[in-house]
Amino acid sequence: MEMEGDEGMMETEEEWGTAPVASSSGPAGNGEKKSEEWGAFESILDEKSSANAQQQQQMVEEVVTCLPYLVRVALANPAHSILFQKLHALPQLNSVLAYLALDIDAVEDPLEAELQRKRKTGSTNPAEGSLVFQYGEGLVSEFETGSEEVKMRLFLSELHNVMDHVRLANASKSRGATRSFPAYHSEIFGDELYLEELGFILPIAMLRLRRAPLSLEAVIEALLCVDLGGRLLRILFFNMPALRDEILLTLIKCAAAAPHLVTEVLLDLCSLSATIALFVRTWVMQQHQLPGLALKLTITHIKDEV
């Protein structure tokens, strides 16, 4: 698929950051050598042919999790052309390329109009007036069969619905009070069938939206309210490594309101390396949050004395 006519499509490698790998030397793994990272991904693709069926599936899943990041950096840097050629073996590649090739104005124009309309109505129903609300019972069918543009618009509409849900739930609280993240029923963010598609859309939308940019903190808070939130946070972490520290710190900030989910997500991310585990343990101790997590990280990943 050709990718032409979108100046915002080819962000530099620095904007994406470096890919997360098992060994790291900087805070939350920001000091890895890129040659080692790309070698790790390429070795997964090379080993695929000699692995058994279960190993092949696991390897493919690891690559697909990072696919938006891998594709964009490979396209932006000719040095990674060999990796891009190997990615052609994945059927999901065309879907990611289609999202990258979208006319972002065609997505942002109706989104801005929708958000303005919702602000004017001032409804206490966060979904009222949204594109998701308009589709009603036909939402699932439209998301499953619609074009990439339609899917991204539905994704953003529902994401803003959840963010409004969080805002309304905390509107009457005094400044400094612990925020709450009550569960939000979402057909899009609640069905595992859509996880892969959502994992492609989320990081691409985070970087490509310009006139209606997504706040990382608001997105993380929203994801804590939906069924697939923990797994989407993991995907976000892998595909936006330049924001890894901020993602971890925001999760720690949310720990008081959602300790179980935050602990689960952080444990998963800390399994990537002892450096990430040490970074998280330091911050949860400084913030006097999640003492059980600090102890578990010490025993499992760091193995020192606090």
# chains A, B, ... in the order shown; residues from 1 in each chain; ligands from 1
>>> residues_around(residues="Leu216 in chain A", least_positions_apart="5", cutoff="9 Å", atoms="only C-alpha atoms", output="PyMOL selection string")
chain A and resi 206+221+243+246-247+250
>>> write_last_selection(atoms="C-alpha atoms", output="short mmCIF file (atom, residue, chain, number, x, y, z; two decimals), in the first residue's frame")
data_model
loop_
_atom_site.label_atom_id
_atom_site.label_comp_id
_atom_site.auth_asym_id
_atom_site.auth_seq_id
_atom_site.Cartn_x
_atom_site.Cartn_y
_atom_site.Cartn_z
CA MET A 206 -2.21 9.43 20.05
CA GLU A 221 -7.72 7.21 33.35
CA LEU A 243 6.40 8.17 26.94
CA GLU A 246 5.13 9.23 31.95
CA ILE A 247 2.88 6.19 31.49
CA THR A 250 0.53 8.31 35.67
#
>>> residues_around(residues="Val262 in chain A", least_positions_apart="2", cutoff="12 Å", atoms="only C-alpha atoms", output="ChimeraX atom specification")
/A:181,220-221,223-225,229-231,233-234,247-260,264-270,280,284,289-290,293
>>> write_last_selection(atoms="N, CA and C atoms", output="JSON list (two decimals), in the first residue's frame")
[["chain", "number", "residue", "atom", "x", "y", "z"],
["A", 181, "PHE", "N", -12.49, 6.06, 39.26],
["A", 181, "PHE", "CA", -12.60, 5.59, 37.89],
["A", 181, "PHE", "C", -13.63, 4.47, 37.82],
["A", 220, "ILE", "N", -5.22, 7.29, 29.95],
["A", 220, "ILE", "CA", -4.93, 6.26, 30.95],
["A", 220, "ILE", "C", -6.07, 6.13, 31.94],
["A", 221, "GLU", "N", -6.60, 7.26, 32.41],
["A", 221, "GLU", "CA", -7.72, 7.21, 33.35],
["A", 221, "GLU", "C", -8.94, 6.55, 32.71],
["A", 223, "LEU", "N", -8.94, 4.32, 30.26],
["A", 223, "LEU", "CA", -8.69, 2.89, 30.07],
["A", 223, "LEU", "C", -8.84, 2.11, 31.37],
["A", 224, "LEU", "N", -8.63, 2.76, 32.50],
["A", 224, "LEU", "CA", -8.82, 2.09, 33.78],
["A", 224, "LEU", "C", -10.28, 1.78, 34.06],
["A", 225, "CYS", "N", -11.18, 2.34, 33.25],
["A", 225, "CYS", "CA", -12.62, 2.15, 33.47],
["A", 225, "CYS", "C", -13.23, 1.06, 32.60],
["A", 229, "GLY", "N", -8.99, -2.33, 29.32],
["A", 229, "GLY", "CA", -8.08, -1.24, 29.66],
["A", 229, "GLY", "C", -6.67, -1.68, 30.00],
["A", 230, "GLY", "N", -6.53, -2.71, 30.84],
["A", 230, "GLY", "CA", -5.20, -3.15, 31.24],
["A", 230, "GLY", "C", -4.36, -3.62, 30.07],
["A", 231, "ARG", "N", -4.98, -4.34, 29.17],
["A", 231, "ARG", "CA", -4.24, -4.87, 28.02],
["A", 231, "ARG", "C", -3.93, -3.76, 27.01],
["A", 233, "LEU", "N", -3.35, -0.67, 27.89],
["A", 233, "LEU", "CA", -2.25, 0.08, 28.49],
["A", 233, "LEU", "C", -0.90, -0.58, 28.20],
["A", 234, "ARG", "N", -0.88, -1.88, 28.21],
["A", 234, "ARG", "CA", 0.34, -2.61, 27.87],
["A", 234, "ARG", "C", 0.74, -2.32, 26.41],
["A", 247, "ILE", "N", 3.94, 7.20, 31.34],
["A", 247, "ILE", "CA", 2.88, 6.19, 31.49],
["A", 247, "ILE", "C", 2.97, 5.55, 32.87],
["A", 248, "LEU", "N", 4.17, 5.15, 33.26],
["A", 248, "LEU", "CA", 4.36, 4.51, 34.57],
["A", 248, "LEU", "C", 3.98, 5.45, 35.71],
["A", 249, "LEU", "N", 4.42, 6.70, 35.64],
["A", 249, "LEU", "CA", 4.13, 7.65, 36.71],
["A", 249, "LEU", "C", 2.64, 7.97, 36.80],
["A", 250, "THR", "N", 1.97, 8.05, 35.66],
["A", 250, "THR", "CA", 0.53, 8.31, 35.67],
["A", 250, "THR", "C", -0.22, 7.14, 36.28],
["A", 251, "LEU", "N", 0.20, 5.93, 35.97],
["A", 251, "LEU", "CA", -0.43, 4.75, 36.57],
["A", 251, "LEU", "C", -0.25, 4.75, 38.08],
["A", 252, "ILE", "N", 0.94, 5.09, 38.54],
["A", 252, "ILE", "CA", 1.18, 5.15, 39.99],
["A", 252, "ILE", "C", 0.30, 6.21, 40.63],
["A", 253, "LYS", "N", 0.13, 7.32, 39.94],
["A", 253, "LYS", "CA", -0.74, 8.39, 40.44],
["A", 253, "LYS", "C", -2.18, 7.92, 40.60],
["A", 254, "CYS", "N", -2.60, 6.98, 39.73],
["A", 254, "CYS", "CA", -3.97, 6.47, 39.76],
["A", 254, "CYS", "C", -4.15, 5.30, 40.72],
["A", 255, "ALA", "N", -3.08, 4.89, 41.39],
["A", 255, "ALA", "CA", -3.11, 3.66, 42.17],
["A", 255, "ALA", "C", -4.14, 3.67, 43.30],
["A", 256, "ALA", "N", -4.31, 4.81, 43.95],
["A", 256, "ALA", "CA", -5.23, 4.88, 45.09],
["A", 256, "ALA", "C", -6.66, 4.56, 44.69],
["A", 257, "ALA", "N", -7.04, 4.95, 43.47],
["A", 257, "ALA", "CA", -8.41, 4.75, 43.00],
["A", 257, "ALA", "C", -8.63, 3.38, 42.37],
["A", 258, "ALA", "N", -7.59, 2.80, 41.81],
["A", 258, "ALA", "CA", -7.73, 1.50, 41.13],
["A", 258, "ALA", "C", -6.52, 0.63, 41.45],
["A", 259, "PRO", "N", -6.33, 0.28, 42.73],
["A", 259, "PRO", "CA", -5.10, -0.42, 43.12],
["A", 259, "PRO", "C", -4.91, -1.79, 42.46],
["A", 260, "HIS", "N", -6.00, -2.55, 42.33],
["A", 260, "HIS", "CA", -5.87, -3.90, 41.78],
["A", 260, "HIS", "C", -5.43, -3.86, 40.32],
["A", 264, "GLU", "N", -1.76, -4.87, 38.66],
["A", 264, "GLU", "CA", -1.70, -5.89, 37.61],
["A", 264, "GLU", "C", -0.94, -5.39, 36.38],
["A", 265, "VAL", "N", -1.25, -4.16, 35.96],
["A", 265, "VAL", "CA", -0.60, -3.59, 34.78],
["A", 265, "VAL", "C", 0.89, -3.36, 35.05],
["A", 266, "LEU", "N", 1.20, -2.79, 36.21],
["A", 266, "LEU", "CA", 2.59, -2.49, 36.53],
["A", 266, "LEU", "C", 3.43, -3.76, 36.67],
["A", 267, "LEU", "N", 2.86, -4.80, 37.26],
["A", 267, "LEU", "CA", 3.59, -6.06, 37.36],
["A", 267, "LEU", "C", 3.93, -6.61, 35.98],
["A", 268, "ASP", "N", 2.97, -6.50, 35.08],
["A", 268, "ASP", "CA", 3.18, -6.97, 33.71],
["A", 268, "ASP", "C", 4.32, -6.19, 33.05],
["A", 269, "LEU", "N", 4.31, -4.86, 33.19],
["A", 269, "LEU", "CA", 5.33, -4.02, 32.56],
["A", 269, "LEU", "C", 6.69, -4.21, 33.22],
["A", 270, "CYS", "N", 6.70, -4.42, 34.54],
["A", 270, "CYS", "CA", 7.97, -4.61, 35.25],
["A", 270, "CYS", "C", 8.63, -5.93, 34.89],
["A", 280, "VAL", "N", 9.78, 1.67, 39.03],
["A", 280, "VAL", "CA", 8.43, 1.64, 39.61],
["A", 280, "VAL", "C", 8.50, 1.54, 41.12],
["A", 284, "VAL", "N", 6.69, 4.14, 43.72],
["A", 284, "VAL", "CA", 5.57, 3.76, 44.59],
["A", 284, "VAL", "C", 5.95, 3.95, 46.05],
["A", 289, "GLN", "N", 2.48, 4.47, 47.89],
["A", 289, "GLN", "CA", 1.42, 3.73, 47.21],
["A", 289, "GLN", "C", 1.83, 2.27, 47.06],
["A", 290, "LEU", "N", 0.84, 1.39, 47.05],
["A", 290, "LEU", "CA", 1.02, -0.01, 46.69],
["A", 290, "LEU", "C", 2.22, -0.67, 47.38],
["A", 293, "LEU", "N", 3.01, -4.14, 46.13],
["A", 293, "LEU", "CA", 3.70, -4.18, 44.84],
["A", 293, "LEU", "C", 5.19, -3.97, 45.03]]
>>> closest_residue(among="A:Ala177, A:Val71, A:Ile188, A:Leu297", to="Glu158 in chain A", atoms="only C-alpha atoms")
A:Ile188
>>> residues_around(residues="Ala205 in chain A", least_positions_apart="5", cutoff="9 Å", atoms="only C-alpha atoms", output="mmCIF file with N, CA, C and O atoms, in the first residue's frame")
data_model
loop_
_atom_site.group_PDB
_atom_site.id
_atom_site.type_symbol
_atom_site.label_atom_id
_atom_site.label_comp_id
_atom_site.auth_asym_id
_atom_site.auth_seq_id
_atom_site.Cartn_x
_atom_site.Cartn_y
_atom_site.Cartn_z
ATOM 1 N N TYR A 99 -4.301 2.612 8.527
ATOM 2 C CA TYR A 99 -4.505 3.631 9.558
ATOM 3 C C TYR A 99 -3.476 4.754 9.433
ATOM 4 O O TYR A 99 -3.793 5.928 9.638
ATOM 5 N N MET A 152 -11.661 4.403 13.258
ATOM 6 C CA MET A 152 -10.949 5.359 14.089
ATOM 7 C C MET A 152 -11.901 6.413 14.647
ATOM 8 O O MET A 152 -11.781 6.816 15.815
ATOM 9 N N LEU A 156 -12.423 6.998 18.627
ATOM 10 C CA LEU A 156 -12.225 8.290 19.283
ATOM 11 C C LEU A 156 -13.502 8.786 19.949
ATOM 12 O O LEU A 156 -13.457 9.368 21.038
ATOM 13 N N PHE A 200 -3.962 -1.210 17.336
ATOM 14 C CA PHE A 200 -3.402 -0.490 16.188
ATOM 15 C C PHE A 200 -3.836 0.976 16.223
ATOM 16 O O PHE A 200 -3.048 1.886 15.962
ATOM 17 N N PRO A 213 -5.734 16.842 20.179
ATOM 18 C CA PRO A 213 -4.804 15.841 20.700
ATOM 19 C C PRO A 213 -5.350 15.145 21.940
ATOM 20 O O PRO A 213 -6.131 15.719 22.707
ATOM 21 N N LEU A 214 -4.931 13.922 22.117
ATOM 22 C CA LEU A 214 -5.368 13.141 23.266
ATOM 23 C C LEU A 214 -4.385 13.328 24.417
ATOM 24 O O LEU A 214 -3.179 13.188 24.249
#
